[in-house]
Amino acid sequence: MSWVLLRDLLSGVNKYSTGIGRIWVAVVFLFRLLVYVAAAENIWKHEHDEFECNIKQPGCENVCFDHFFPVSHIRLWALQLIMVSTPSLLVVFHVAYRENREKHHNQKLYKNPGKTDGGLLCTYLISLILKTGLEIFFLVLFYKLYNGFKIPRLVKCNIKPCPNTVDCYISKPTEKMIFLYFLVATSCLCIVLNVSELSYLVFKYSIKCYLKRHVKNEQ
Amino acid sequence: MDWGALHTILGGVNKHSTSIGKIWLTVLFIFRIMILVVAAEKVWGDEQDDFVCNTLQPGCKNVCYDHFFPISHIRLWALQLIFVSTPALLVAMHVAYRRHEKKRQFRKGDQKCEFKDIEEIRKQRFRIEGSLWWTYTSSIFFRLIFEAVFMYAFYFMYDGFRMPRLMKCNAWPCPNTVDCFVSRPTEKTVFTIFMIAVSSICILLNVAELCYLLTRFFLRRSKKAGNSKQQPNHENKEETKQNEMNELISDSCQNTVIGFSS
């Protein structure tokens, strides 16, 4: 069980996407998933071992690490990737439902089960809205949990059993910050792609509806 | 999800590349990605654990490591490889768009469409001309820019391509100037020089490909201008023969197997 599953699922979605949707899939694969697996995971690998406090008091380091990193950046990143890719499955399920219906009734109910029209268009739009919402949610979560997108070199910790205010040092803060900014930039890019795709689809189908009505009135 | 997925994506573009493009792709996968995954990652694997400073002051090692290595060599290379591979996607998207248009024509039953079935459209190899030429040339141009930017960033961040054995660190909370020792400096220098050398080879290949495409473009234009003045039939036959030869050359290169998986 690994990211390969997500990759295969998304490849399946690619078939029913618009051009912008395919760009979105490419951005998620290359700039988010591949960067995560090939580079980012290793930076956060030993974050707990390398987190060092200027004190010998047992338990102080553990407690301070837990206080400053309730959920590690890398885990949030992984959750974000999974959550943001999942709404696309709604489209895949809907197409599968259509194909199943056709099989069940043994007749051609749809001109092309994979074409985005009618109910499938609604599902596609809902998946876009969900994707965008989840991206924004995770960005806000990152911002709130870590007081912005900064990773300081030094944090001061005052929690029991630390006897006084103790200096604790985070490992590789600059490298972590660079990759955090990269994550934020790619998230924003994905939000822009989703919003443009949404506007494009809404615009395209409103024009279609308007023209149909116009033609009917003329007839 | 690993570099193998990138190989699958770029392998599709390989069919529509020039011969130099195919050589570039082979160099990228064998001498850069494979070396990165199989060897370089292990050399840099223990870099912070084995980075030792001559002090017991807690936090001094962390701070000094962060000061001297804002971003690790291995991560920079991984980013460079991802960015350098991405422009090829522009070509893949353009080819996919052309295929989509041809499929639409075929389905409409267009008389102009010369294919017998959809499978033929899927397997068709597009020639690099027209708008695809522009997309392909821009992708090479972007590749060059990314390679150059990353090489410069590397040089700028690490003051050259050598890994020193000893670094003197003065950052707080280190009490005084402290000696810090990097693990495996010679091995890291060797790999750094190797990766830089292969980057330079890739830059040269890209420049050669760009020159080849531009030369081909201008030659075609001058032939077309010549054609319009002379008899069309004779020139067309020669051009067709040359085109066939070019296709044979590039088709023979297509049979090169890039065997890579990790």
# chains A, B, ... in the order shown; residues from 1 in each chain; ligands from 1
>>> closest_atom_pairs(of="chain A", to="chain B", cutoff="10 Å", atoms="only C-alpha atoms", output="Markdown table")
| residue | atom | partner | partner_atom | distance |
| --- | --- | --- | --- | --- |
| A:Ser2 | CA | B:Met1 | CA | 7.4 |
| A:Trp3 | CA | B:Met1 | CA | 5.1 |
| A:Val4 | CA | B:Met1 | CA | 4.8 |
| A:Leu5 | CA | B:Met1 | CA | 8.4 |
| A:Leu6 | CA | B:Met1 | CA | 8.5 |
| A:Arg7 | CA | B:Met1 | CA | 6.9 |
| A:Asp8 | CA | B:Met1 | CA | 9.6 |
| A:Gly19 | CA | B:Tyr97 | CA | 8.7 |
| A:Arg22 | CA | B:Met93 | CA | 8.8 |
| A:Ile23 | CA | B:Met93 | CA | 8.6 |
| A:Ala26 | CA | B:Leu89 | CA | 8.4 |
| A:Val27 | CA | B:Thr86 | CA | 9.5 |
| A:Phe29 | CA | B:Met1 | CA | 8.8 |
| A:Leu30 | CA | B:Ile82 | CA | 7.0 |
| A:Phe31 | CA | B:Ile82 | CA | 7.6 |
| A:Leu33 | CA | B:Met1 | CA | 7.5 |
| A:Leu34 | CA | B:Asp2 | CA | 6.4 |
| A:Val35 | CA | B:Leu79 | CA | 7.1 |
| A:Tyr36 | CA | B:Met1 | CA | 9.8 |
| A:Val37 | CA | B:Asp2 | CA | 6.8 |
| A:Ala38 | CA | B:Ala78 | CA | 6.8 |
| A:Ala39 | CA | B:Arg75 | CA | 5.4 |
| A:Ala40 | CA | B:Arg75 | CA | 7.9 |
| A:Asn42 | CA | B:Gly45 | CA | 8.7 |
| A:Ile43 | CA | B:Arg75 | CA | 8.7 |
| A:His46 | CA | B:Asp49 | CA | 9.3 |
| A:Asp49 | CA | B:Asp49 | CA | 9.5 |
| A:Glu50 | CA | B:Asn62 | CA | 7.7 |
| A:Phe51 | CA | B:Asn62 | CA | 8.3 |
| A:Glu52 | CA | B:Gly59 | CA | 6.0 |
| A:Cys53 | CA | B:Pro58 | CA | 6.5 |
| A:Asn54 | CA | B:Pro58 | CA | 5.1 |
| A:Ile55 | CA | B:Pro58 | CA | 7.9 |
| A:Lys56 | CA | B:Pro58 | CA | 9.8 |
| A:Arg153 | CA | B:Val63 | CA | 6.9 |
| A:Leu154 | CA | B:Gly59 | CA | 8.5 |
| A:Asp167 | CA | B:Gly59 | CA | 8.2 |
| A:Cys168 | CA | B:Gly59 | CA | 7.1 |
| A:Tyr169 | CA | B:Gly59 | CA | 5.3 |
| A:Ile170 | CA | B:Asn62 | CA | 7.1 |
| A:Ser171 | CA | B:Asn62 | CA | 5.4 |
| A:Lys172 | CA | B:Asp66 | CA | 5.1 |
| A:Pro173 | CA | B:Asp66 | CA | 6.7 |
| A:Thr174 | CA | B:Pro70 | CA | 5.3 |
| A:Glu175 | CA | B:Ile71 | CA | 4.8 |
| A:Lys176 | CA | B:Ile71 | CA | 8.4 |
| A:Met177 | CA | B:Pro70 | CA | 9.5 |
| A:Ile178 | CA | B:Ile71 | CA | 7.9 |
| A:Phe179 | CA | B:Ile71 | CA | 9.3 |
>>> select_by_dssp(residues="segment 11-260 of chain B", states="helix (DSSP H, G or I)", output="PyMOL selection string")
chain B and resi 11-14+19-43+60-68+73-85+87-108+118-123+131-158+185-229+232-254
>>> atom_distance(atom1="atom CA of Leu189 of chain A", atom2="atom CA of Asn147 of chain A")
22.0 Å
>>> atom_distance(atom1="atom CA of Trp134 of chain B", atom2="atom CA of Tyr212 of chain B")
13.6 Å
>>> residues_around(residues="Arg32 of chain A", least_positions_apart="5", cutoff="9 Å", atoms="only C-alpha atoms", output="list of chain:residue names")
A:Val27, A:Val37, A:Leu81, A:Phe182, A:Leu183, A:Thr186, A:Ser187
>>> write_last_selection(atoms="C-alpha atoms", output="PDB file, in the first residue's frame")
ATOM      1  CA  VAL A  27       0.989  19.278 -11.262  1.00  0.00           C
ATOM      2  CA  VAL A  37       8.430  11.138  -1.987  1.00  0.00           C
ATOM      3  CA  LEU A  81      -2.344  15.143  -0.842  1.00  0.00           C
ATOM      4  CA  PHE A 182       7.167  25.025  -2.186  1.00  0.00           C
ATOM      5  CA  LEU A 183       4.140  23.182  -0.768  1.00  0.00           C
ATOM      6  CA  THR A 186       1.959  24.363  -5.452  1.00  0.00           C
ATOM      7  CA  SER A 187      -1.239  24.382  -3.364  1.00  0.00           C
TER       8      SER A 187
END
>>> closest_atom_pairs(of="segment 51-109 of chain B", to="segment 176-192 of chain B", cutoff="6 Å", atoms="only C-alpha atoms", output="Markdown table")
| residue | atom | partner | partner_atom | distance |
| --- | --- | --- | --- | --- |
| B:Phe51 | CA | B:Val182 | CA | 5.0 |
| B:Val52 | CA | B:Phe181 | CA | 5.3 |
| B:Cys53 | CA | B:Cys180 | CA | 4.0 |
| B:Asn54 | CA | B:Asp179 | CA | 5.5 |
>>> write_last_selection(atoms="N, CA, C and O atoms", output="PDB file, in the first residue's frame")
ATOM      1  N   PHE B  51      27.513  14.743  11.069  1.00  0.00           N
ATOM      2  CA  PHE B  51      28.081  16.099  11.084  1.00  0.00           C
ATOM      3  C   PHE B  51      28.419  16.378  12.538  1.00  0.00           C
ATOM      4  O   PHE B  51      27.536  16.433  13.395  1.00  0.00           O
ATOM      5  N   VAL B  52      29.714  16.516  12.841  1.00  0.00           N
ATOM      6  CA  VAL B  52      30.152  16.584  14.243  1.00  0.00           C
ATOM      7  C   VAL B  52      30.813  17.921  14.520  1.00  0.00           C
ATOM      8  O   VAL B  52      31.668  18.373  13.752  1.00  0.00           O
ATOM      9  N   CYS B  53      30.421  18.560  15.600  1.00  0.00           N
ATOM     10  CA  CYS B  53      31.059  19.823  15.987  1.00  0.00           C
ATOM     11  C   CYS B  53      31.831  19.622  17.285  1.00  0.00           C
ATOM     12  O   CYS B  53      31.396  18.878  18.170  1.00  0.00           O
ATOM     13  N   ASN B  54      32.931  20.319  17.388  1.00  0.00           N
ATOM     14  CA  ASN B  54      33.805  20.163  18.536  1.00  0.00           C
ATOM     15  C   ASN B  54      33.297  20.980  19.721  1.00  0.00           C
ATOM     16  O   ASN B  54      33.958  21.886  20.222  1.00  0.00           O
TER      17      ASN B  54
END
>>> select_by_dssp(residues="segment 140-235 of chain B", states="strand (DSSP E)", output="list in words")
Leu166, Met167, Lys168, Cys169, Val178, Asp179, Cys180 and Phe181 of chain B
>>> write_last_selection(atoms="N, CA, C and O atoms", output="PDB file, in the first residue's frame")
ATOM      1  N   LEU B 166      36.353  20.664   6.893  1.00  0.00           N
ATOM      2  CA  LEU B 166      36.183  21.380   8.154  1.00  0.00           C
ATOM      3  C   LEU B 166      35.520  22.723   7.907  1.00  0.00           C
ATOM      4  O   LEU B 166      35.849  23.421   6.967  1.00  0.00           O
ATOM      5  N   MET B 167      34.547  23.045   8.764  1.00  0.00           N
ATOM      6  CA  MET B 167      33.904  24.369   8.658  1.00  0.00           C
ATOM      7  C   MET B 167      33.965  25.027  10.023  1.00  0.00           C
ATOM      8  O   MET B 167      33.727  24.358  11.037  1.00  0.00           O
ATOM      9  N   LYS B 168      34.226  26.323  10.028  1.00  0.00           N
ATOM     10  CA  LYS B 168      34.293  27.028  11.308  1.00  0.00           C
ATOM     11  C   LYS B 168      32.974  27.767  11.543  1.00  0.00           C
ATOM     12  O   LYS B 168      32.539  28.541  10.706  1.00  0.00           O
ATOM     13  N   CYS B 169      32.357  27.505  12.682  1.00  0.00           N
ATOM     14  CA  CYS B 169      31.012  28.015  12.932  1.00  0.00           C
ATOM     15  C   CYS B 169      30.983  28.925  14.147  1.00  0.00           C
ATOM     16  O   CYS B 169      31.570  28.617  15.193  1.00  0.00           O
ATOM     17  N   VAL B 178      33.686  27.446  16.534  1.00  0.00           N
ATOM     18  CA  VAL B 178      33.729  26.005  16.781  1.00  0.00           C
ATOM     19  C   VAL B 178      34.062  25.279  15.485  1.00  0.00           C
ATOM     20  O   VAL B 178      33.596  25.661  14.407  1.00  0.00           O
ATOM     21  N   ASP B 179      34.877  24.222  15.568  1.00  0.00           N
ATOM     22  CA  ASP B 179      35.201  23.420  14.377  1.00  0.00           C
ATOM     23  C   ASP B 179      34.116  22.383  14.150  1.00  0.00           C
ATOM     24  O   ASP B 179      33.797  21.614  15.058  1.00  0.00           O
ATOM     25  N   CYS B 180      33.577  22.356  12.940  1.00  0.00           N
ATOM     26  CA  CYS B 180      32.586  21.334  12.600  1.00  0.00           C
ATOM     27  C   CYS B 180      33.105  20.519  11.431  1.00  0.00           C
ATOM     28  O   CYS B 180      33.672  21.074  10.485  1.00  0.00           O
ATOM     29  N   PHE B 181      32.909  19.220  11.495  1.00  0.00           N
ATOM     30  CA  PHE B 181      33.450  18.301  10.492  1.00  0.00           C
ATOM     31  C   PHE B 181      32.322  17.650   9.705  1.00  0.00           C
ATOM     32  O   PHE B 181      31.399  17.081  10.284  1.00  0.00           O
TER      33      PHE B 181
END
>>> atom_distance(atom1="atom CA of Ser85 of chain A", atom2="atom CA of Phe149 of chain A")
23.0 Å
>>> residues_around(residues="Pro87 of chain B", least_positions_apart="6", cutoff="7 Å", atoms="only C-alpha atoms", output="PDB file with all heavy atoms, in the first residue's frame")
ATOM      1  N   SER B 139      10.126  23.888 -25.167  1.00  0.00           N
ATOM      2  CA  SER B 139      10.407  22.973 -24.053  1.00  0.00           C
ATOM      3  C   SER B 139      11.912  22.805 -23.879  1.00  0.00           C
ATOM      4  O   SER B 139      12.408  22.777 -22.745  1.00  0.00           O
ATOM      5  CB  SER B 139       9.729  21.623 -24.251  1.00  0.00           C
ATOM      6  OG  SER B 139      10.438  20.817 -25.148  1.00  0.00           O
ATOM      7  N   PHE B 142      13.209  25.999 -22.171  1.00  0.00           N
ATOM      8  CA  PHE B 142      12.942  26.009 -20.731  1.00  0.00           C
ATOM      9  C   PHE B 142      13.855  25.052 -19.987  1.00  0.00           C
ATOM     10  O   PHE B 142      14.341  25.346 -18.897  1.00  0.00           O
ATOM     11  CB  PHE B 142      11.474  25.647 -20.442  1.00  0.00           C
ATOM     12  CG  PHE B 142      10.538  26.795 -20.650  1.00  0.00           C
ATOM     13  CD1 PHE B 142       9.512  26.731 -21.579  1.00  0.00           C
ATOM     14  CD2 PHE B 142      10.675  27.957 -19.912  1.00  0.00           C
ATOM     15  CE1 PHE B 142       8.661  27.794 -21.781  1.00  0.00           C
ATOM     16  CE2 PHE B 142       9.826  29.027 -20.111  1.00  0.00           C
ATOM     17  CZ  PHE B 142       8.816  28.945 -21.061  1.00  0.00           C
ATOM     18  N   ARG B 143      14.116  23.891 -20.614  1.00  0.00           N
ATOM     19  CA  ARG B 143      15.021  22.921 -19.987  1.00  0.00           C
ATOM     20  C   ARG B 143      16.380  23.556 -19.749  1.00  0.00           C
ATOM     21  O   ARG B 143      16.969  23.427 -18.676  1.00  0.00           O
ATOM     22  CB  ARG B 143      15.227  21.744 -20.952  1.00  0.00           C
ATOM     23  CG  ARG B 143      14.423  20.523 -20.658  1.00  0.00           C
ATOM     24  CD  ARG B 143      14.894  19.399 -21.516  1.00  0.00           C
ATOM     25  NE  ARG B 143      13.894  18.978 -22.457  1.00  0.00           N
ATOM     26  CZ  ARG B 143      14.146  18.227 -23.537  1.00  0.00           C
ATOM     27  NH1 ARG B 143      15.362  17.856 -23.822  1.00  0.00           N
ATOM     28  NH2 ARG B 143      13.173  17.865 -24.322  1.00  0.00           N
TER      29      ARG B 143
END
>>> residues_around(residues="Leu25 of chain B", least_positions_apart="6", cutoff="9 Å", atoms="only C-alpha atoms", output="PDB file with N, CA, C and O atoms, in the first residue's frame")
ATOM      1  N   LEU B  10       7.636  10.272 -19.269  1.00  0.00           N
ATOM      2  CA  LEU B  10       8.547  10.807 -20.280  1.00  0.00           C
ATOM      3  C   LEU B  10       8.786   9.818 -21.417  1.00  0.00           C
ATOM      4  O   LEU B  10       9.104  10.226 -22.538  1.00  0.00           O
ATOM      5  N   GLY B  11       8.645   8.525 -21.123  1.00  0.00           N
ATOM      6  CA  GLY B  11       8.829   7.517 -22.160  1.00  0.00           C
ATOM      7  C   GLY B  11       7.878   7.725 -23.323  1.00  0.00           C
ATOM      8  O   GLY B  11       8.225   7.516 -24.479  1.00  0.00           O
ATOM      9  N   ASN B  14       9.164  10.260 -25.689  1.00  0.00           N
ATOM     10  CA  ASN B  14      10.344   9.789 -26.409  1.00  0.00           C
ATOM     11  C   ASN B  14      10.062   9.504 -27.878  1.00  0.00           C
ATOM     12  O   ASN B  14      10.867   9.788 -28.751  1.00  0.00           O
ATOM     13  N   SER B  85      12.703  17.858 -16.159  1.00  0.00           N
ATOM     14  CA  SER B  85      11.869  16.890 -16.888  1.00  0.00           C
ATOM     15  C   SER B  85      10.523  17.478 -17.259  1.00  0.00           C
ATOM     16  O   SER B  85       9.865  16.979 -18.165  1.00  0.00           O
ATOM     17  N   ILE B 258      15.413   1.683 -22.662  1.00  0.00           N
ATOM     18  CA  ILE B 258      15.830   2.324 -21.438  1.00  0.00           C
ATOM     19  C   ILE B 258      15.316   1.467 -20.303  1.00  0.00           C
ATOM     20  O   ILE B 258      14.139   1.501 -19.958  1.00  0.00           O
TER      21      ILE B 258
END
>>> residues_around(residues="Lys115 of chain A", least_positions_apart="4", cutoff="9 Å", atoms="only C-alpha atoms", output="list in words")
Tyr16, Val95, Lys111, Leu120 and Leu121 of chain A
>>> residues_around(residues="Gly130 of chain B", least_positions_apart="4", cutoff="12 Å", atoms="only C-alpha atoms", output="list in words")
His94, Arg98, Phe126, Trp134, Thr135, Tyr136, Thr137, Phe217, Arg220 and Arg221 of chain B
